[in-house]
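Scroll down for the structure; my scribbles are underneath it.
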Amino acid sequence: MSMFSTGILVLTSPLHTLPLRIAPVLSSAAQYVERTLYVHLHPGLNLGSGSQPRPVFLPPAVDLSTLISRLYSNAADVCGHLDVSVLLTNVRTQSAACSGTATPNCPFPTPQSLSHSPEVVLTDFPLQDPGQSHQVMQCLQRYVGHCYVCSPGLPSVLLPPQLVRPLEDGEGLKEPGEEAEPMQTYTDVVVGGTFDRLHGAHKTLLNISCLLANRRFIICVCDHAMLKNKMLKELVEPYSLRTQRLQEFLQDIKPSLQVEIMPLDDPYGVAVVDPLLQCIVVSEETRKGGEAVNKKRIENGLPPLILHEIQLLKDAHHTETEEEKISSSSLRSRLLGTLLTPPTDTPHLAALPYVIGLTGGSGSGKSSIARQLEAEGAVRIDCDKLGHEVYQPGTAAYCRVLEEFGSDLLNEDKTINRRALGRKVFGNQERLKALTDIVWPEIALLAENRISQAREEGKQVCVLDAAVLQEAGWTDMVHEVWVTVIPEEEAVLRISERDGLTAEDALRRLQSQWSNDKQVAHANVVLSTLWEAEVTRKQVLKAWNLLQKRIQPGQEGEVLVSPSSQL
């Protein structure tokens, strides 16, 4: 069976039968399409009449809104690997259709360009006579070619009707011929959100907003302060990438709308000052936010917005630590332990042992992760211990530290009093740099010696456990950088409890280090110890198994799990 990168699925089943047909149809389509699937709705389209059908406008209806929610929910369940988008160019109120750029009764005066060029067209049209298949496929090709820019001779696929579960008594949205309930629409509509890793729940919100909006659609995208309390905020995509994907998606699904995307740095944004807005789309989770917006609008002398509430989509694949709804937080948590960015070329390093540079802020649980990796078979090189070694009497660093900072640092046994040394450099960046310029190169030499020793012993993996891996420039010693992160508030609690510091002192310590954001920006793999120990163990094991695949390409199809650490 041929696989195509991008396809268009034309759904022709009557609207009242579609809800229970969507899942099997999507599952069947996923056997042909592997990346992007556009869905074009034309309930009742007859491709077997002998005459060439034309696209028509569909009025926004409540049933259509429900159908879109069902479609994205089913897509997440049965073909989660596909980027599915429901196209709405042909969905418009009669008044908007007459006043818009499209000619009356014709949604596509010229074929619409899509972000990804379709390579195949599929349909659920039920073929009554097998002898008509060639005629129906040609009709389908011409129909889609009239709507969208496609390659000539676009392959077409009639999805097998036996894959569509027949509707049972009482199922469906409406009885055949029953009048569809019209949907109230508005000239100007607004929504807000993070829109990180654009997924089916986002698309449901955006599609329904596009059904509601006749003229202008404003999307306020969380940025800066509004991201502060997001789980794993370090893994939130950059604002520019999120807005780019929004723009691309909206241009595909409803190019006739005037779309405005703007940053949201407070809970209200433009929604409390724009007098033209009529409706805000919320979920049951964000309804209180919509009510707060209306309270502010009234204070500002503006009429309140209509709150149009949509249902959350359930995530059939969520784990015990994830939300039950489809959410960006869950998607970010699933990235933990995976390779986020490919390693850079390291021709100056020996292939083995493969060296992981493990780092993270104070209290992040870095050392516990290093011990787990050691239990899996890695050689752990603890740079904190190496730091103690370089201060020992007789070493090069010992002599240079005394020359630079004075012999009054010595204890009675001639060892360096590191607390006294710390007081000399605390708060003085110039003196601190003088110290690290002495100590860090010596620690690096010891680490390189340990790596060489591991190579001689035939070890496969080393873990360089180093809090200052990136600040010290030791990344040139490693093949990959792994970073552990936890929220700042949790780190402060852990440091205070572990070291007996006040919250203020713990926070100062954190702020003297590289931020999570800065560390993650240079990371290949990110881990987090925020949850229970068992969750962290599974996360580390996932990272270890994926690492084995990377360094042992000959066993690419095998998931390597150590016998002592079965999940």
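Residues are referred to by chain and number: the chain letter is A, B, ... according to the order shown in the structure tokens, the number counts from 1 in that chain, and ligands are numbered separately from 1 in the order shown.
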### Message
Applying 12 Å and only C-alpha atoms, which residues near Leu127 of chain A remain after dropping the ones on its own chain fewer than 2 positions away? List them as number ranges by chain.
### Response
A: 12-13, 46-49, 123-125, 129-137, 157-162
### Query
What's the 10 Å shell around Tyr268 of chain A, counting only C-alpha atoms, without same-chain residues fewer than 6 positions away, as a list in words?
Gly192, Cys220, Gly289, Gly290, Ala292, Val293, Asn294, Lys296 and Arg297 of chain A
For the residues selected in the previous step, produce a file with N, CA, C and O atoms as a compact mmCIF listing (two decimals), in the first residue's frame.
```txt
# COMPACT_ATOMS: atom_id res chain seq x y z
N GLY A 192 -8.19 33.21 23.85
CA GLY A 192 -6.85 33.33 24.42
C GLY A 192 -6.34 31.96 24.80
O GLY A 192 -7.12 31.04 25.07
N CYS A 220 -5.25 35.78 21.30
CA CYS A 220 -4.27 36.30 22.25
C CYS A 220 -3.44 35.12 22.76
O CYS A 220 -3.98 34.19 23.36
N GLY A 289 -12.35 32.86 33.62
CA GLY A 289 -11.53 33.89 32.99
C GLY A 289 -12.36 34.77 32.08
O GLY A 289 -12.19 35.99 32.03
N GLY A 290 -13.30 34.15 31.33
CA GLY A 290 -14.19 34.91 30.47
C GLY A 290 -15.10 35.83 31.27
O GLY A 290 -15.36 36.98 30.88
N ALA A 292 -14.31 37.11 34.16
CA ALA A 292 -13.46 38.20 34.65
C ALA A 292 -13.24 39.25 33.57
O ALA A 292 -13.20 40.46 33.86
N VAL A 293 -13.12 38.81 32.31
CA VAL A 293 -12.99 39.73 31.19
C VAL A 293 -14.23 40.62 31.11
O VAL A 293 -14.14 41.85 30.95
N ASN A 294 -15.40 40.02 31.23
CA ASN A 294 -16.64 40.80 31.14
C ASN A 294 -16.76 41.81 32.28
O ASN A 294 -17.26 42.92 32.09
N LYS A 296 -14.31 43.36 33.71
CA LYS A 296 -13.42 44.47 33.34
C LYS A 296 -14.04 45.31 32.23
O LYS A 296 -13.91 46.54 32.22
N ARG A 297 -14.67 44.65 31.25
CA ARG A 297 -15.29 45.41 30.15
C ARG A 297 -16.36 46.36 30.69
O ARG A 297 -16.46 47.51 30.26
```
#### Entry: Non-local contacts of Ile298 of chain A (12 Å; only C-alpha atoms; under 6 positions in same chain excluded) as a VMD selection string
chain A and resid 271 to 273 275 291 to 292 304 to 305
Create the file for the chosen residues now, containing all heavy atoms and written as an mmCIF file, in the first residue's frame.
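What ended up in result.cif:
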```cif
data_model
loop_
_atom_site.group_PDB
_atom_site.id
_atom_site.type_symbol
_atom_site.label_atom_id
_atom_site.label_comp_id
_atom_site.auth_asym_id
_atom_site.auth_seq_id
_atom_site.Cartn_x
_atom_site.Cartn_y
_atom_site.Cartn_z
ATOM 1 N N ALA A 271 -9.140 41.934 24.999
ATOM 2 C CA ALA A 271 -10.560 41.621 25.168
ATOM 3 C C ALA A 271 -11.299 42.625 26.037
ATOM 4 O O ALA A 271 -12.520 42.760 25.930
ATOM 5 C CB ALA A 271 -10.714 40.213 25.761
ATOM 6 N N VAL A 272 -10.577 43.356 26.905
ATOM 7 C CA VAL A 272 -11.263 44.288 27.812
ATOM 8 C C VAL A 272 -11.273 45.724 27.277
ATOM 9 O O VAL A 272 -11.832 46.607 27.927
ATOM 10 C CB VAL A 272 -10.629 44.264 29.221
ATOM 11 C CG1 VAL A 272 -10.767 42.884 29.845
ATOM 12 C CG2 VAL A 272 -9.172 44.692 29.187
ATOM 13 N N VAL A 273 -10.692 45.942 26.094
ATOM 14 C CA VAL A 273 -10.642 47.310 25.567
ATOM 15 C C VAL A 273 -11.166 47.441 24.142
ATOM 16 O O VAL A 273 -11.417 48.550 23.675
ATOM 17 C CB VAL A 273 -9.200 47.873 25.629
ATOM 18 C CG1 VAL A 273 -8.744 48.011 27.075
ATOM 19 C CG2 VAL A 273 -8.227 47.021 24.824
ATOM 20 N N PRO A 275 -13.836 47.633 21.514
ATOM 21 C CA PRO A 275 -15.300 47.833 21.527
ATOM 22 C C PRO A 275 -16.032 47.023 20.459
ATOM 23 O O PRO A 275 -17.242 46.854 20.546
ATOM 24 C CB PRO A 275 -15.450 49.338 21.266
ATOM 25 C CG PRO A 275 -14.219 49.704 20.487
ATOM 26 C CD PRO A 275 -13.123 48.837 21.012
ATOM 27 N N GLU A 291 -15.554 35.349 32.418
ATOM 28 C CA GLU A 291 -16.409 36.182 33.271
ATOM 29 C C GLU A 291 -15.610 37.364 33.844
ATOM 30 O O GLU A 291 -16.142 38.477 33.979
ATOM 31 C CB GLU A 291 -16.982 35.320 34.402
ATOM 32 C CG GLU A 291 -17.987 34.295 33.895
ATOM 33 C CD GLU A 291 -18.381 33.266 34.952
ATOM 34 O OE1 GLU A 291 -17.722 33.253 36.030
ATOM 35 O OE2 GLU A 291 -19.321 32.486 34.704
ATOM 36 N N ALA A 292 -14.315 37.109 34.157
ATOM 37 C CA ALA A 292 -13.456 38.199 34.654
ATOM 38 C C ALA A 292 -13.239 39.248 33.569
ATOM 39 O O ALA A 292 -13.200 40.458 33.856
ATOM 40 C CB ALA A 292 -12.117 37.635 35.123
ATOM 41 N N PRO A 304 -20.660 43.587 27.792
ATOM 42 C CA PRO A 304 -20.042 42.275 28.013
ATOM 43 C C PRO A 304 -20.060 41.428 26.743
ATOM 44 O O PRO A 304 -20.890 41.641 25.852
ATOM 45 C CB PRO A 304 -20.910 41.650 29.113
ATOM 46 C CG PRO A 304 -22.226 42.337 28.992
ATOM 47 C CD PRO A 304 -21.928 43.739 28.530
ATOM 48 N N LEU A 305 -19.150 40.487 26.679
ATOM 49 C CA LEU A 305 -19.070 39.589 25.529
ATOM 50 C C LEU A 305 -19.963 38.371 25.757
ATOM 51 O O LEU A 305 -20.179 37.926 26.886
ATOM 52 C CB LEU A 305 -17.626 39.115 25.326
ATOM 53 C CG LEU A 305 -16.569 40.193 25.103
ATOM 54 C CD1 LEU A 305 -15.174 39.563 25.053
ATOM 55 C CD2 LEU A 305 -16.853 40.975 23.830
#
```
### Task
Give me every helix (DSSP H, G or I) residue in segment 130-248 of chain A, going by DSSP on the backbone, as a PyMOL selection string.
chain A and resi 130-147+161-163+200-212+224-227+233-235+239-248
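Minimum distance to Met183 of chain A across A:Thr93, A:Asn207, A:Thr415, A:Thr110 (counting only C-alpha atoms) occurs at A:Thr93.
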#### Entry: Pick from A:Thr243, A:Ala316, A:Glu181, A:Leu212 nearest to Ala76 of chain A, counting only C-alpha atoms
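With only C-alpha atoms as the atom set, the closest residue is A:Ala316.
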### Task
Would you mind listing what lies within 8 Å of segment 63-71 of chain A as a list of chain:residue names, with only C-alpha atoms counted and same-chain residues fewer than 3 positions away left out?
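With the cut-off at 8 Å, the set is A:Leu15, A:Leu18, A:Pro19, A:Ile22, A:Ala23, A:Pro60, A:Asn74, A:Ala75, A:Val86, A:Leu173, A:Ala180, A:Glu181, A:Thr204, A:Asn207, A:Ile208, A:Leu211, A:Leu313.
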### Message
So that I can check the secondary structure, give me every residue of segment 338-562 of chain A assigned strand (DSSP E or B) by backbone DSSP, as JSON, numbers by chain.
### Response
{"A": [339, 354, 355, 356, 357, 358, 359, 360, 379, 380, 381, 382, 410, 416, 461, 462, 463, 464, 465, 480, 481, 482, 483, 484, 485, 525, 526, 527, 528]}
#### Entry: Contacts of segment 284-286 of chain A at 8 Å (only C-alpha atoms; same-chain gap of 5+ positions) as number ranges by chain
A: 309-312
Could you dump the residues just selected with N, CA and C atoms as a PDB file, in the first residue's frame?
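Output file selection31.pdb is given in full below:
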```pdb
ATOM      1  N   GLU A 309     -19.187  28.532  25.253  1.00  0.00           N
ATOM      2  CA  GLU A 309     -18.388  27.509  25.930  1.00  0.00           C
ATOM      3  C   GLU A 309     -18.314  26.229  25.107  1.00  0.00           C
ATOM      4  N   ILE A 310     -17.103  25.687  24.974  1.00  0.00           N
ATOM      5  CA  ILE A 310     -16.920  24.401  24.297  1.00  0.00           C
ATOM      6  C   ILE A 310     -16.474  23.360  25.323  1.00  0.00           C
ATOM      7  N   GLN A 311     -16.663  22.100  24.978  1.00  0.00           N
ATOM      8  CA  GLN A 311     -16.285  21.011  25.868  1.00  0.00           C
ATOM      9  C   GLN A 311     -14.804  20.678  25.713  1.00  0.00           C
ATOM     10  N   LEU A 312     -14.173  20.231  26.804  1.00  0.00           N
ATOM     11  CA  LEU A 312     -12.795  19.758  26.745  1.00  0.00           C
ATOM     12  C   LEU A 312     -12.759  18.389  26.062  1.00  0.00           C
TER      13      LEU A 312
END
```
